[in-house]
Each structure stands twice: as structure tokens, then as C-alpha cells.
Amino acid sequence: MMIKETSLRRDPDLRGELAFLAKGCDFVLPSRFKKRLKSFQQAQVQIKQEKKPVTPSPAPANPTINTSSLLPANKVVGAPLSINIPHFYFPNGLPNVCSSHEETIAKIEAAFSEFEDERATINEMGKIAKICCCPLYWKAPMFIASGGERTGFVSVHSFVAMWRKIVQNCHDDASKFICLLAKPNCNFLEQEDFIPLLQDVVETHPGLTFLKDAPEFHSRYITTVIQRIFYTANRSWSGKISLTELRKSNFLQTLALLEEEEDINQITDYFSYEHFYVIYCKFWELDTDHDLYINQKDLARYNDQALSSRIIERIFTGAVLRGNQVHKENQMSYADFVWLLISEEDKRSPTSIEYWFRCMDLDGDGMLSMYELEYFYEEQCERMESMGIEPLPFHDLLCQMLDLVKPEWDGRVTLRDLKRCRMAHVFYNTFFNLEKYLDNEQRDPFAVQKDVENDGPEPSDWDRYAAEEYEILVAEESGNEHLQEGSFDDDYEADELLSLPEIGEKSDKLVISDLST
């Protein structure tokens with residue numbers, strides 16, 4: 001028995017009885033305490049009865065009698081609150097009761113009647129997609145979802161049945177898109193799900209007509225676009241784009257722009273051929289044996305040994321694998337290189353910040369300790385000393401970095417700190433990219449602060465890098481063409497021309513002259 005009355009606890013006689021009870025003795029209250037204890041127990045029972053909820057009365061036997069009308073307004077027992085709460089969760093979009101799906105179906109049937117045998121090919125599906133109020137380049141997913149991949153055409157009945165099912169269950173563009181592309185019973189998109197859509201873009205977009213004569217580059221371009229889609233949209237690093245991730249990304253809006261813009265290079269997000277050209281040329285230069293894999297030694301040559309050997313080792317340990325990727329010892333595929341190059345040249349983006357954080361987090365505890373920072377900075381110091389540059393002592397540099405990042409917790413830097421400070425690019429370059437670190441040291445600190453405060457629609461670091469590199473590649477190719485045509489002075493002898501670097505290799509690289517026409 002537990003007595004909460006303070007006065008009873010302090011009574012010496014009662015405390016003695018409680019001590020005997022604790023020892024296993026019989027507990028007998030003195031008579032002068034029985035009345036006080038009884039009144040205390042009665043008070044406790046009364047409090048419990050006041051707190052006990054009122055049980056609603058059972059339903060009347062005769063349902064026609066409205067008992068609520070016999071009670072005062074403030075005594076009516078209402079229905080459970082859950083019945084009055086409106087439906088607020090719509091994972092597949094908010095249903096639009098005003099939409100007239102039957103009118104759309106009638107227009108679809110009328111359009112099919114204009115085709116031979118009421119069957120549509122994949123090229124004719126563009127008209128059907130627009131009737132369904134969908135972007136033009138949804139036509140390939142619609143064609144495949146209706147069974148056209150097996151037969152080579154889509155009948156009006158198969159398409160109408162497919163579209164009825166979609167509009168009944170999916171009420172926004174994102175849910176419809178996933179339903180069209182995803183495998184059966186899947187509510188997410190994997191990389192291979194995008195291949196038919198992108199193959200149709202390659203074959204039909206006016207800005208990629210030159211690729212028709214180079215089918216060997218179709219798969220490279222498609223791989224590049226898919227990796228850029230997942231780099232931007234798959235924020236969970238799961239290898240599967242969820243419905244929420246697709247809604248939060250700008251992919252569907254960018255895909256809709258393809259039918260409006262003939263110059264695909266104007267669409268820098270995902271689809272730019274110039275960006276693909278830059279990425280693939282950089283990979284090809286490193287992949288000396290052209291087996292579409294590079295190793296640590298190959299990557300060390302990137303941009304004249306720009307990256308430290310310790311960060312390269314971390315990249316090849318599998319620290320930045322996505323989803324169910326299988327780690328291959330000392331091998332980096334072209335798809336992985338796409339992620340690396342974009343992360344290296346644009347360290348401001350969320351994915352890039354996460355990419356390099358994973359590499360620097362040696363023990364995987366979700367934070368960068370001072371030991372981990374010193375581990376990467378040691379190599380930077382060694383490289384600076386070999387160049388005759390006196391490095392800043394680690395303690396002094398650490399003070400600078402902590403002032404830059406302003407971590408929430410002393411002695412450790414978290415991913416949240418780096419995203420919040422907006423100076424992650426300076427932080428990362430300090431520890432593993434010596435060239436960019438020295439460039440930043442020579443910059444005007446006011447210019448650095450101006451970059452941080454500028455929220456305007458400026459092109460990203462990646463867009464600037466890709467544009468500059470593309471101009472360099474085009475200039476190099478133009479110069480090589482002049483050399484091959486003998487447009488230079490006759491003072492150059494043939495053996496001197498052949499000794500120039502990469503003159504004879506350009507014909508093997510991407511067939512550049514054919515692709516640039």
C-alpha cells in the first residue's frame with residue numbers, strides 16, 4: 001500500500017509500522033490512524049470517479065426515434081471525431097472531381113479512328129499524349145505501358161484500358177509518370193526504367209539528329225542523362241526515385257521543355273549534349289585502355305593530380321556507393337565517374353556536399369572529427385612543402401575552418417553544418433584539392449563573401465565549368481582539323497606535325513568531327 005499523504009508519512013508511529021511491514025511483519029495500524037487513513041482513501045476514490053470518462057449510452061432499439069432531439073443542445077453525445085475529419089492524405093495526388101475523363105477518352109477514340117486499323121505506332125503516340133494533356137516525350141512510356149513494345153503498335157482498346165486505370169488511381173503528373181515507367185507493383189523508378197524514354201528522345205529530338213549516324217554513342221548519352229537524373233533527384237541515395245523525390249525535383253518540368261526547345265544544349269539540366277560531351281571526353285582521357293573502367297592511378301591524373309591520393313583512396317573504398325551497388329575493387333565505371341566529376345566541379349550542390357562528406361568521414365559516425373581533418377590536411381602540407389610553399393599549421397587552419405563552418409557542436413563538423421554554412425566548397429578544397437585551395441587563398445575575401453550572399457539565378461559551378469571546357473575542346477578540335485588539312489605554314493615538317501600530342505588519337509576519341517556537325 002502506498003500512502004501519498006505527507007502528514008501520514010511524517011507520523012513516527014506510522015513510520016514504525018511501515019518499517020515492520022518492510023521486514024515482512026504483520027501490518028496493524030494504530031486505531032487513531034484508521035479514521036485518517038479511511039478518509040484519505042475515500043478522497044482518492046472520489047478523485048478517480050471525477051476523472052473517469054462518461055460512457056455513451058447504448059443505441060436505442062427503435063432507430064426511428066431521434067433521441068438527440070429530446071436532450072438539450074449541450075448534452076448531445078456526438079459521433080466519433082474521426083468520422084468528421086476529412087480525408088487529407090493523397091499519396092497519388094489530390095483527386096480532381098471537375099476532370100471529365102470520359103471526354104478525354106472520347107477524344108482518344110476519335111484520334112485512334114484516324115489511324116490505320118485504329119492502331120498507333122510509337123511516333124503517332126505523340127498526338128495521343130497531347131490529348132491526354134501530357135508532355136510529348138511521354139509517348140514512349142505510354143506506348144510501352146499499353147503493350148506496344150511486344151506488338152509494335154497500340155490498339156485503341158488496350159490504350160483506353162491502360163489510361164482508365166491510370167486516371168482512376170493517379171491524380172497528378174508525378175504519380176502518372178511513375179505508373180507508366182515503373183515495373184509492376186512498384187511505386188519507384190530505377191535506372192533501367194528511364195531507358196525507353198531516353199532512347200526515344202535520342203531518336204526523335206531535333207537537337208540530337210546528328211547522333212543517328214553514331215549509334216554507338218546512344219548508350220553513353222543515355223547513361224549520362226540517367227546518372228544526372230539520379231544525382232539530382234534521388235536525394236536518399238537509395239538507387240530508387242520515390243514519388244516524393246520526383247515531385248521535389250524539376251525533372252518533369254525539364255522533360256516538358258524538350259518539345260519547346262529545339263537546341264537541346266539550352267536545357268542544361270540533365271539533357272545537354274555539350275555537358276555529355278565534356279564528361280565523356282574527360283573520362284576517355286583517363287581511360288587509357290578504353291575498357292570503360294578507370295583505376296586509382298588513372299584518376300590521379302585528373303586535372304594534373306588535382307585530387308589528393310588519400311581522397312582518391314576513399315572514393316575507391318566504396319564510400320559513395322548508391323543503393324544496391326556492388327563494390328568493385330580498384331574500378332570506377334563511367335556511371336560512377338559522372339557522379340565524381342559533377343561533385344568535384346560543383347561542391348555547392350546538396351549531393352556534392354553529401355558525396356565528399358561520405359569520403360572524409362573515415363569511421364562513418366556521421367561527423368568529421370579533428371583527427372579526420374588532420375589526416376587529409378597532412379598530405380596537403382606535404383604537397384605544398386614539395387612546391388616550396390610554407391603550409392599553415394594545422395591548428396591555425398583548424399581555427400579558420402571552424403570560423404568558416406561554425407559547427408553546432410565543438411570539435412566536430414556535421415553534414416548539417418556544411419549545408420548550412422554555404423561555404424562547403426572552400427572547406428572541401430582545403431583538405432583534398434590543392435589547386436583550388438591555393439586559388440581560394442589568393443582571392444579577395446570580400447569577393448568570397450559576395451558569392452555567399454548572392455542568391456540570384458546565377459549559373460551553377462557545374463554549368464560554368466561545362467561551358468568553359470566545351471569551348472576548350474571545340475577549339476582543340478578545330479586546331480587539329482587545321483593541322484590535318486595542312487593549313488599551317490609549310491615550314492612545319494611532317495614529323496613535327498605527328499609529334500604534337502593527341503593528333504593521331506582524335507579520330508579514335510568519340511569521332512569528334514562527326515558528332516560536332
# chains A, B, ... in the order shown; residues from 1 in each chain; ligands from 1
call {"tool": "select_by_dssp", "arguments": {"residues": "region 123-360 of chain A", "states": "helix (DSSP H, G or I)", "output": "ChimeraX atom specification"}}
result
/A:125-131,136-145,148-151,156-169,173-181,191-204,206-213,215-233,243-248,251-257,264-266,273-286,296-300,309-315,334-345,350-360
call {"tool": "write_last_selection", "arguments": {"atoms": "C-alpha atoms", "output": "tab-separated table (two decimals), in the first residue's frame"}}
result
chain	number	residue	atom	x	y	z
A	125	MET	CA	1.60	8.30	-79.83
A	126	GLY	CA	2.75	11.89	-79.57
A	127	LYS	CA	-0.69	13.05	-80.70
A	128	ILE	CA	-2.35	10.81	-78.12
A	129	ALA	CA	-0.06	12.10	-75.37
A	130	LYS	CA	-1.09	15.69	-76.07
A	131	ILE	CA	-4.79	14.73	-75.99
A	136	LEU	CA	5.21	14.98	-75.90
A	137	TYR	CA	8.02	12.76	-74.67
A	138	TRP	CA	5.71	10.70	-72.51
A	139	LYS	CA	4.76	8.95	-75.73
A	140	ALA	CA	7.31	6.12	-75.42
A	141	PRO	CA	6.29	5.20	-71.83
A	142	MET	CA	2.62	5.33	-72.88
A	143	PHE	CA	3.36	3.12	-75.87
A	144	ILE	CA	5.16	0.51	-73.76
A	145	ALA	CA	2.61	0.61	-70.92
A	148	GLY	CA	3.18	-1.69	-77.85
A	149	GLU	CA	6.70	-3.00	-77.23
A	150	ARG	CA	5.52	-6.57	-77.84
A	151	THR	CA	3.42	-5.96	-80.95
A	156	VAL	CA	-7.41	1.78	-79.14
A	157	HIS	CA	-8.83	-0.77	-76.69
A	158	SER	CA	-5.52	-1.52	-74.99
A	159	PHE	CA	-4.65	2.16	-74.63
A	160	VAL	CA	-8.06	3.19	-73.29
A	161	ALA	CA	-7.97	0.35	-70.75
A	162	MET	CA	-4.49	1.40	-69.63
A	163	TRP	CA	-5.35	5.10	-69.41
A	164	ARG	CA	-8.59	4.49	-67.50
A	165	LYS	CA	-6.65	2.58	-64.87
A	166	ILE	CA	-4.09	5.37	-64.53
A	167	VAL	CA	-6.53	8.28	-64.25
A	168	GLN	CA	-8.60	6.39	-61.70
A	169	ASN	CA	-5.63	5.77	-59.40
A	173	ASP	CA	1.79	14.13	-63.17
A	174	ALA	CA	4.34	12.55	-60.85
A	175	SER	CA	2.15	9.58	-59.91
A	176	LYS	CA	1.10	9.06	-63.55
A	177	PHE	CA	4.71	9.17	-64.70
A	178	ILE	CA	5.82	6.56	-62.17
A	179	CYS	CA	2.85	4.36	-63.01
A	180	LEU	CA	3.82	4.48	-66.70
A	181	LEU	CA	7.54	3.80	-66.24
A	191	GLN	CA	17.73	3.46	-63.62
A	192	GLU	CA	16.72	1.00	-66.31
A	193	ASP	CA	13.14	2.31	-66.23
A	194	PHE	CA	14.28	5.51	-67.97
A	195	ILE	CA	15.97	3.81	-70.94
A	196	PRO	CA	12.94	3.61	-73.34
A	197	LEU	CA	12.02	7.24	-72.72
A	198	LEU	CA	15.58	8.49	-73.29
A	199	GLN	CA	16.09	6.29	-76.32
A	200	ASP	CA	13.04	7.95	-77.86
A	201	VAL	CA	14.50	11.37	-77.04
A	202	VAL	CA	17.77	10.45	-78.76
A	203	GLU	CA	15.97	9.18	-81.86
A	204	THR	CA	13.39	11.95	-82.27
A	206	PRO	CA	15.71	17.67	-83.43
A	207	GLY	CA	18.73	18.73	-81.37
A	208	LEU	CA	20.17	15.19	-81.47
A	209	THR	CA	19.68	14.29	-85.13
A	210	PHE	CA	23.46	14.04	-85.66
A	211	LEU	CA	23.53	11.06	-83.28
A	212	LYS	CA	21.60	8.95	-85.77
A	213	ASP	CA	24.87	8.27	-87.59
A	215	PRO	CA	24.50	4.72	-82.61
A	216	GLU	CA	27.49	3.60	-80.52
A	217	PHE	CA	27.15	6.81	-78.51
A	218	HIS	CA	23.43	6.40	-77.77
A	219	SER	CA	24.06	4.27	-74.70
A	220	ARG	CA	26.76	6.67	-73.43
A	221	TYR	CA	24.47	9.66	-73.73
A	222	ILE	CA	21.58	7.78	-72.10
A	223	THR	CA	23.84	6.62	-69.25
A	224	THR	CA	24.97	10.21	-68.67
A	225	VAL	CA	21.42	11.56	-68.56
A	226	ILE	CA	20.25	8.80	-66.20
A	227	GLN	CA	23.14	9.45	-63.80
A	228	ARG	CA	22.40	13.16	-63.82
A	229	ILE	CA	18.72	12.45	-63.08
A	230	PHE	CA	19.58	10.28	-60.09
A	231	TYR	CA	22.32	12.67	-58.97
A	232	THR	CA	19.77	15.46	-58.67
A	233	ALA	CA	16.51	13.68	-57.80
A	243	LEU	CA	7.19	9.61	-55.74
A	244	THR	CA	8.11	12.29	-53.21
A	245	GLU	CA	11.60	12.70	-54.67
A	246	LEU	CA	10.20	13.02	-58.18
A	247	ARG	CA	7.75	15.71	-57.04
A	248	LYS	CA	10.51	17.69	-55.33
A	251	PHE	CA	12.78	16.61	-63.87
A	252	LEU	CA	9.19	16.51	-65.15
A	253	GLN	CA	9.24	20.26	-65.84
A	254	THR	CA	12.56	19.89	-67.69
A	255	LEU	CA	11.24	16.93	-69.69
A	256	ALA	CA	8.27	19.04	-70.79
A	257	LEU	CA	10.66	21.72	-72.11
A	264	ILE	CA	18.96	20.68	-76.56
A	265	ASN	CA	22.08	22.41	-75.26
A	266	GLN	CA	19.88	25.20	-73.96
A	273	TYR	CA	24.68	17.23	-75.22
A	274	GLU	CA	27.56	19.62	-74.56
A	275	HIS	CA	27.64	18.51	-70.93
A	276	PHE	CA	27.69	14.87	-72.02
A	277	TYR	CA	30.49	15.67	-74.45
A	278	VAL	CA	32.62	17.21	-71.69
A	279	ILE	CA	32.03	14.35	-69.25
A	280	TYR	CA	32.76	11.63	-71.77
A	281	CYS	CA	35.89	13.32	-73.12
A	282	LYS	CA	37.26	13.69	-69.58
A	283	PHE	CA	36.60	10.02	-68.92
A	284	TRP	CA	38.10	8.94	-72.23
A	285	GLU	CA	41.32	10.82	-71.49
A	286	LEU	CA	41.73	8.93	-68.21
A	296	GLN	CA	43.17	4.92	-58.83
A	297	LYS	CA	46.25	5.52	-60.95
A	298	ASP	CA	44.08	6.75	-63.84
A	299	LEU	CA	42.05	9.06	-61.62
A	300	ALA	CA	45.21	10.52	-60.06
A	309	SER	CA	45.83	10.40	-53.06
A	310	ARG	CA	44.05	9.96	-49.73
A	311	ILE	CA	40.71	11.21	-51.03
A	312	ILE	CA	41.12	9.04	-54.14
A	313	GLU	CA	41.66	6.01	-51.91
A	314	ARG	CA	38.46	6.83	-50.05
A	315	ILE	CA	36.50	7.12	-53.30
A	334	TYR	CA	31.70	5.60	-66.40
A	335	ALA	CA	28.45	6.00	-64.46
A	336	ASP	CA	30.39	6.48	-61.21
A	337	PHE	CA	32.69	8.95	-62.94
A	338	VAL	CA	29.69	11.13	-63.85
A	339	TRP	CA	28.93	11.50	-60.13
A	340	LEU	CA	32.58	12.17	-59.32
A	341	LEU	CA	33.12	14.84	-61.97
A	342	ILE	CA	29.96	16.79	-61.14
A	343	SER	CA	30.75	16.57	-57.42
A	344	GLU	CA	34.33	17.73	-57.96
A	345	GLU	CA	33.46	20.71	-60.13
A	350	PRO	CA	23.50	19.15	-51.82
A	351	THR	CA	24.53	15.87	-53.46
A	352	SER	CA	28.12	17.04	-53.83
A	353	ILE	CA	28.28	18.07	-50.17
A	354	GLU	CA	27.00	14.62	-49.19
A	355	TYR	CA	29.39	12.92	-51.63
A	356	TRP	CA	32.54	14.44	-50.16
A	357	PHE	CA	31.28	14.18	-46.59
A	358	ARG	CA	30.99	10.42	-47.04
A	359	CYS	CA	34.56	10.33	-48.35
A	360	MET	CA	36.01	12.33	-45.45
call {"tool": "atom_distance", "arguments": {"atom1": "CA of His425 (chain A)", "atom2": "CA of Ser333 (chain A)"}}
result
24.9 Å
call {"tool": "closest_residue", "arguments": {"among": "A:Leu415, A:Ala424, A:Met370, A:Cys399", "to": "Ser349 (chain A)", "atoms": "only C-alpha atoms"}}
result
A:Ala424
call {"tool": "atom_distance", "arguments": {"atom1": "CA of Phe188 (chain A)", "atom2": "CA of Tyr89 (chain A)"}}
result
18.6 Å
